[in-house]
$ cat protein08.pdb   # PDB, C-alpha atoms
MODEL        1
ATOM      1  CA  MET A   7     111.280 145.700 256.937  1.00  0.00           C
ATOM      2  CA  SER A   8     113.934 145.439 254.271  1.00  0.00           C
ATOM      3  CA  VAL A   9     117.521 144.437 254.907  1.00  0.00           C
ATOM      4  CA  LEU A  10     118.825 146.656 252.073  1.00  0.00           C
ATOM      5  CA  PRO A  11     119.421 149.829 254.173  1.00  0.00           C
ATOM      6  CA  PHE A  12     121.414 147.818 256.701  1.00  0.00           C
ATOM      7  CA  LEU A  13     123.563 146.259 253.992  1.00  0.00           C
ATOM      8  CA  ALA A  14     124.111 149.669 252.399  1.00  0.00           C
ATOM      9  CA  ALA A  15     125.088 151.162 255.771  1.00  0.00           C
ATOM     10  CA  GLY A  16     127.538 148.318 256.379  1.00  0.00           C
ATOM     11  CA  TRP A  17     129.072 148.706 252.937  1.00  0.00           C
ATOM     12  CA  ILE A  18     129.484 152.488 253.339  1.00  0.00           C
ATOM     13  CA  PHE A  19     131.043 151.973 256.773  1.00  0.00           C
ATOM     14  CA  LEU A  20     133.502 149.390 255.473  1.00  0.00           C
ATOM     15  CA  ALA A  21     134.459 151.657 252.568  1.00  0.00           C
ATOM     16  CA  GLY A  22     135.195 154.473 255.017  1.00  0.00           C
ATOM     17  CA  VAL A  23     137.204 152.245 257.341  1.00  0.00           C
ATOM     18  CA  TYR A  24     139.178 150.867 254.397  1.00  0.00           C
ATOM     19  CA  GLY A  25     139.979 154.430 253.337  1.00  0.00           C
ATOM     20  CA  MET A  26     141.156 155.302 256.847  1.00  0.00           C
ATOM     21  CA  VAL A  27     143.352 152.215 257.143  1.00  0.00           C
ATOM     22  CA  THR A  28     145.021 152.566 253.741  1.00  0.00           C
ATOM     23  CA  SER A  29     145.414 156.346 253.751  1.00  0.00           C
ATOM     24  CA  ARG A  30     148.807 158.019 253.402  1.00  0.00           C
ATOM     25  CA  ASN A  31     147.368 161.520 253.818  1.00  0.00           C
ATOM     26  CA  LEU A  32     145.645 163.044 256.844  1.00  0.00           C
ATOM     27  CA  VAL A  33     143.126 164.947 254.709  1.00  0.00           C
ATOM     28  CA  HIS A  34     142.121 161.678 253.045  1.00  0.00           C
ATOM     29  CA  THR A  35     141.821 160.075 256.462  1.00  0.00           C
ATOM     30  CA  VAL A  36     139.439 162.805 257.649  1.00  0.00           C
ATOM     31  CA  GLY A  37     137.369 162.396 254.473  1.00  0.00           C
ATOM     32  CA  SER A  38     137.234 158.648 254.980  1.00  0.00           C
ATOM     33  CA  LEU A  39     136.072 159.186 258.551  1.00  0.00           C
ATOM     34  CA  ALA A  40     133.270 161.409 257.240  1.00  0.00           C
ATOM     35  CA  VAL A  41     132.254 158.633 254.826  1.00  0.00           C
ATOM     36  CA  ALA A  42     132.234 156.074 257.642  1.00  0.00           C
ATOM     37  CA  GLN A  43     130.105 158.382 259.761  1.00  0.00           C
ATOM     38  CA  SER A  44     127.645 158.897 256.926  1.00  0.00           C
ATOM     39  CA  SER A  45     126.776 155.226 257.204  1.00  0.00           C
ATOM     40  CA  THR A  46     125.015 156.068 260.460  1.00  0.00           C
ATOM     41  CA  TYR A  47     122.611 158.329 258.530  1.00  0.00           C
ATOM     42  CA  VAL A  48     121.577 155.433 256.334  1.00  0.00           C
ATOM     43  CA  LEU A  49     121.327 153.117 259.333  1.00  0.00           C
ATOM     44  CA  LEU A  50     119.127 155.489 261.332  1.00  0.00           C
ATOM     45  CA  LEU A  51     116.884 156.234 258.375  1.00  0.00           C
ATOM     46  CA  GLY A  52     116.547 152.505 257.722  1.00  0.00           C
ATOM     47  CA  ILE A  53     115.470 151.996 261.325  1.00  0.00           C
ATOM     48  CA  GLY A  54     112.963 154.865 261.260  1.00  0.00           C
ATOM     49  CA  TYR A  55     111.378 154.018 257.912  1.00  0.00           C
ATOM     50  CA  ARG A  56     107.801 152.785 258.015  1.00  0.00           C
ATOM     51  CA  ARG A  57     106.144 151.538 254.822  1.00  0.00           C
ATOM     52  CA  GLY A  58     103.064 153.607 254.068  1.00  0.00           C
ATOM     53  CA  GLY A  59     103.898 156.078 256.836  1.00  0.00           C
ATOM     54  CA  THR A  60     103.132 159.763 256.536  1.00  0.00           C
ATOM     55  CA  ALA A  61     104.675 162.845 258.072  1.00  0.00           C
ATOM     56  CA  PRO A  62     104.121 163.099 261.832  1.00  0.00           C
ATOM     57  CA  VAL A  63     101.720 166.046 261.619  1.00  0.00           C
ATOM     58  CA  PHE A  64      98.628 164.942 263.473  1.00  0.00           C
ATOM     59  CA  SER A  65      96.145 167.657 262.534  1.00  0.00           C
ATOM     60  CA  ASP A  66      94.963 166.350 259.147  1.00  0.00           C
ATOM     61  CA  ILE A  67      95.315 162.560 259.280  1.00  0.00           C
ATOM     62  CA  PRO A  68      92.698 160.090 260.523  1.00  0.00           C
ATOM     63  CA  VAL A  69      93.262 158.083 263.683  1.00  0.00           C
ATOM     64  CA  GLY A  70      95.171 154.840 263.125  1.00  0.00           C
ATOM     65  CA  THR A  71      97.221 156.051 260.136  1.00  0.00           C
ATOM     66  CA  PRO A  72     100.854 154.937 260.416  1.00  0.00           C
ATOM     67  CA  VAL A  73     103.347 157.777 260.793  1.00  0.00           C
ATOM     68  CA  VAL A  74     107.119 157.943 260.535  1.00  0.00           C
ATOM     69  CA  ASP A  75     108.984 158.255 263.833  1.00  0.00           C
ATOM     70  CA  PRO A  76     110.133 161.888 264.204  1.00  0.00           C
ATOM     71  CA  VAL A  77     112.720 161.022 266.879  1.00  0.00           C
ATOM     72  CA  VAL A  78     114.844 159.104 264.378  1.00  0.00           C
ATOM     73  CA  GLN A  79     114.695 162.022 261.959  1.00  0.00           C
ATOM     74  CA  ALA A  80     115.855 164.373 264.717  1.00  0.00           C
ATOM     75  CA  LEU A  81     118.723 161.984 265.527  1.00  0.00           C
ATOM     76  CA  VAL A  82     119.840 162.002 261.886  1.00  0.00           C
ATOM     77  CA  LEU A  83     119.826 165.804 261.794  1.00  0.00           C
ATOM     78  CA  THR A  84     121.825 165.894 265.015  1.00  0.00           C
ATOM     79  CA  ASP A  85     124.260 163.347 263.567  1.00  0.00           C
ATOM     80  CA  VAL A  86     124.747 165.510 260.474  1.00  0.00           C
ATOM     81  CA  VAL A  87     125.554 168.569 262.585  1.00  0.00           C
ATOM     82  CA  VAL A  88     127.954 166.655 264.834  1.00  0.00           C
ATOM     83  CA  GLY A  89     129.637 165.078 261.801  1.00  0.00           C
ATOM     84  CA  ALA A  90     130.177 168.453 260.150  1.00  0.00           C
ATOM     85  CA  THR A  91     131.595 169.865 263.379  1.00  0.00           C
ATOM     86  CA  VAL A  92     133.989 166.957 263.912  1.00  0.00           C
ATOM     87  CA  THR A  93     135.150 167.115 260.296  1.00  0.00           C
ATOM     88  CA  ALA A  94     135.809 170.851 260.547  1.00  0.00           C
ATOM     89  CA  LEU A  95     137.739 170.389 263.789  1.00  0.00           C
ATOM     90  CA  LEU A  96     139.863 167.576 262.383  1.00  0.00           C
ATOM     91  CA  LEU A  97     140.625 169.517 259.197  1.00  0.00           C
ATOM     92  CA  SER A  98     141.734 172.502 261.270  1.00  0.00           C
ATOM     93  CA  LEU A  99     144.052 170.175 263.218  1.00  0.00           C
ATOM     94  CA  VAL A 100     145.440 168.851 259.928  1.00  0.00           C
ATOM     95  CA  ILE A 101     146.153 172.431 258.844  1.00  0.00           C
ATOM     96  CA  GLN A 102     148.046 173.066 262.091  1.00  0.00           C
ATOM     97  CA  ILE A 103     150.016 169.829 261.675  1.00  0.00           C
ATOM     98  CA  ARG A 104     150.963 170.877 258.141  1.00  0.00           C
ATOM     99  CA  LYS A 105     152.078 174.305 259.361  1.00  0.00           C
ATOM    100  CA  ARG A 106     154.208 172.914 262.183  1.00  0.00           C
ATOM    101  CA  THR A 107     155.728 169.829 260.546  1.00  0.00           C
ATOM    102  CA  GLY A 108     155.512 170.520 256.821  1.00  0.00           C
ATOM    103  CA  THR A 109     153.829 167.222 255.998  1.00  0.00           C
ATOM    104  CA  VAL A 110     150.468 165.479 256.204  1.00  0.00           C
ATOM    105  CA  ASP A 111     151.886 161.965 255.922  1.00  0.00           C
ATOM    106  CA  PRO A 112     151.085 160.042 259.124  1.00  0.00           C
ATOM    107  CA  GLU A 113     154.236 157.921 258.815  1.00  0.00           C
ATOM    108  CA  ALA A 114     156.426 161.031 258.966  1.00  0.00           C
ATOM    109  CA  LEU A 115     154.748 162.211 262.173  1.00  0.00           C
ATOM    110  CA  THR A 116     155.902 159.370 264.426  1.00  0.00           C
ATOM    111  CA  ASP A 117     158.876 161.177 265.941  1.00  0.00           C
ATOM    112  CA  LEU A 118     158.129 163.440 268.876  1.00  0.00           C
ATOM    113  CA  LYS A 119     159.927 166.771 268.864  1.00  0.00           C
ATOM    114  CA  GLY A 120     160.390 168.557 272.163  1.00  0.00           C
TER     115      GLY A 120
ENDMDL
END
$ encode --input "protein08.pdb" --output "structure tokens"
Amino acid sequence: MSVLPFLAAGWIFLAGVYGMVTSRNLVHTVGSLAVAQSSTYVLLLGIGYRRGGTAPVFSDIPVGTPVVDPVVQALVLTDVVVGATVTALLLSLVIQIRKRTGTVDPEALTDLKG
């Protein structure tokens, strides 16, 4: 097992977190969150990778052949769908914030208006 996918996942996550922390725009913050979440795809695929593994279709392969774990692949697909849904929801909230307050700067949104 190689350590490279884990290092890549950590680097992508840190880049996304850095973007969220330093952002002065809510749209940029949502994009940075999507980048940070994409690190989980790399992490899960790094966990599920098996050197020399084939697709998990058991009709044509001989007994004892290593196969890739299909559960991890299903988790990655589920993570992609959930990530797209969360991003769409957050962007719709940013649109509503822009309509109601006239800005997408988080610093300008600190005052509560009743």
$ closest_residue --input "protein08.pdb" --among "A:Leu99, A:Val48, A:Val41, A:Leu20" --to "Gln79 (chain A)" --atoms "only C-alpha atoms"
A:Val48
$ resolve_selection --input "protein08.pdb" --expression "the PyMOL selection byres ((chain A and resi 56-63) around 10)" --output "VMD selection string"
chain A and resid 7 to 8 51 to 55 64 to 67 71 to 76
$ atom_distance --input "protein08.pdb" --atom1 "CA of Gln102 (chain A)" --atom2 "CA of Asp85 (chain A)"
25.7 Å
$ resolve_selection --input "protein08.pdb" --expression "the PyMOL selection byres ((chain A and resi 36) around 10)" --output "number ranges by chain"
A: 22, 25-26, 29, 31-35, 37-42, 92-97, 100
$ write_last_selection --input "protein08.pdb" --atoms "C-alpha atoms" --output "PDB file, in the frame of the given file"
ATOM      1  CA  GLY A  22     135.195 154.473 255.017  1.00  0.00           C
ATOM      2  CA  GLY A  25     139.979 154.430 253.337  1.00  0.00           C
ATOM      3  CA  MET A  26     141.156 155.302 256.847  1.00  0.00           C
ATOM      4  CA  SER A  29     145.414 156.346 253.751  1.00  0.00           C
ATOM      5  CA  ASN A  31     147.368 161.520 253.818  1.00  0.00           C
ATOM      6  CA  LEU A  32     145.645 163.044 256.844  1.00  0.00           C
ATOM      7  CA  VAL A  33     143.126 164.947 254.709  1.00  0.00           C
ATOM      8  CA  HIS A  34     142.121 161.678 253.045  1.00  0.00           C
ATOM      9  CA  THR A  35     141.821 160.075 256.462  1.00  0.00           C
ATOM     10  CA  GLY A  37     137.369 162.396 254.473  1.00  0.00           C
ATOM     11  CA  SER A  38     137.234 158.648 254.980  1.00  0.00           C
ATOM     12  CA  LEU A  39     136.072 159.186 258.551  1.00  0.00           C
ATOM     13  CA  ALA A  40     133.270 161.409 257.240  1.00  0.00           C
ATOM     14  CA  VAL A  41     132.254 158.633 254.826  1.00  0.00           C
ATOM     15  CA  ALA A  42     132.234 156.074 257.642  1.00  0.00           C
ATOM     16  CA  VAL A  92     133.989 166.957 263.912  1.00  0.00           C
ATOM     17  CA  THR A  93     135.150 167.115 260.296  1.00  0.00           C
ATOM     18  CA  ALA A  94     135.809 170.851 260.547  1.00  0.00           C
ATOM     19  CA  LEU A  95     137.739 170.389 263.789  1.00  0.00           C
ATOM     20  CA  LEU A  96     139.863 167.576 262.383  1.00  0.00           C
ATOM     21  CA  LEU A  97     140.625 169.517 259.197  1.00  0.00           C
ATOM     22  CA  VAL A 100     145.440 168.851 259.928  1.00  0.00           C
TER      23      VAL A 100
END
$ resolve_selection --input "protein08.pdb" --expression "the PyMOL selection byres ((chain A and resi 45) around 8)" --output "count of residues only"
13
$ decode --input "protein08.pdb" --residues "region 7-18 of chain A" --atoms "N, CA, C and O atoms" --output "tab-separated table (two decimals), in the first residue's frame"
chain	number	residue	atom	x	y	z
A	7	MET	N	0.84	-1.18	0.00
A	7	MET	CA	0.00	0.00	0.00
A	7	MET	C	0.89	1.24	0.00
A	7	MET	O	1.84	1.35	0.75
A	8	SER	N	0.54	2.17	-0.86
A	8	SER	CA	1.31	3.39	-0.99
A	8	SER	C	0.73	4.49	-0.09
A	8	SER	O	-0.46	4.52	0.20
A	9	VAL	N	1.60	5.36	0.34
A	9	VAL	CA	1.18	6.47	1.20
A	9	VAL	C	0.80	7.69	0.37
A	9	VAL	O	0.22	8.64	0.89
A	10	LEU	N	1.06	7.66	-0.95
A	10	LEU	CA	0.80	8.81	-1.80
A	10	LEU	C	-0.66	9.25	-1.83
A	10	LEU	O	-0.93	10.46	-1.74
A	11	PRO	N	-1.65	8.35	-1.94
A	11	PRO	CA	-3.05	8.83	-1.92
A	11	PRO	C	-3.42	9.53	-0.62
A	11	PRO	O	-4.20	10.49	-0.63
A	12	PHE	N	-2.88	9.08	0.49
A	12	PHE	CA	-3.18	9.69	1.77
A	12	PHE	C	-2.56	11.08	1.88
A	12	PHE	O	-3.17	12.01	2.42
A	13	LEU	N	-1.35	11.23	1.37
A	13	LEU	CA	-0.72	12.55	1.35
A	13	LEU	C	-1.47	13.50	0.42
A	13	LEU	O	-1.66	14.68	0.75
A	14	ALA	N	-1.89	12.99	-0.73
A	14	ALA	CA	-2.65	13.83	-1.67
A	14	ALA	C	-3.98	14.25	-1.05
A	14	ALA	O	-4.40	15.41	-1.18
A	15	ALA	N	-4.66	13.33	-0.37
A	15	ALA	CA	-5.93	13.66	0.27
A	15	ALA	C	-5.73	14.71	1.36
A	15	ALA	O	-6.52	15.65	1.49
A	16	GLY	N	-4.67	14.57	2.14
A	16	GLY	CA	-4.37	15.57	3.17
A	16	GLY	C	-4.06	16.93	2.59
A	16	GLY	O	-4.52	17.96	3.11
A	17	TRP	N	-3.30	16.95	1.50
A	17	TRP	CA	-2.97	18.22	0.87
A	17	TRP	C	-4.21	18.89	0.29
A	17	TRP	O	-4.39	20.11	0.45
A	18	ILE	N	-5.08	18.14	-0.37
A	18	ILE	CA	-6.31	18.70	-0.93
A	18	ILE	C	-7.20	19.23	0.19
A	18	ILE	O	-7.80	20.31	0.08
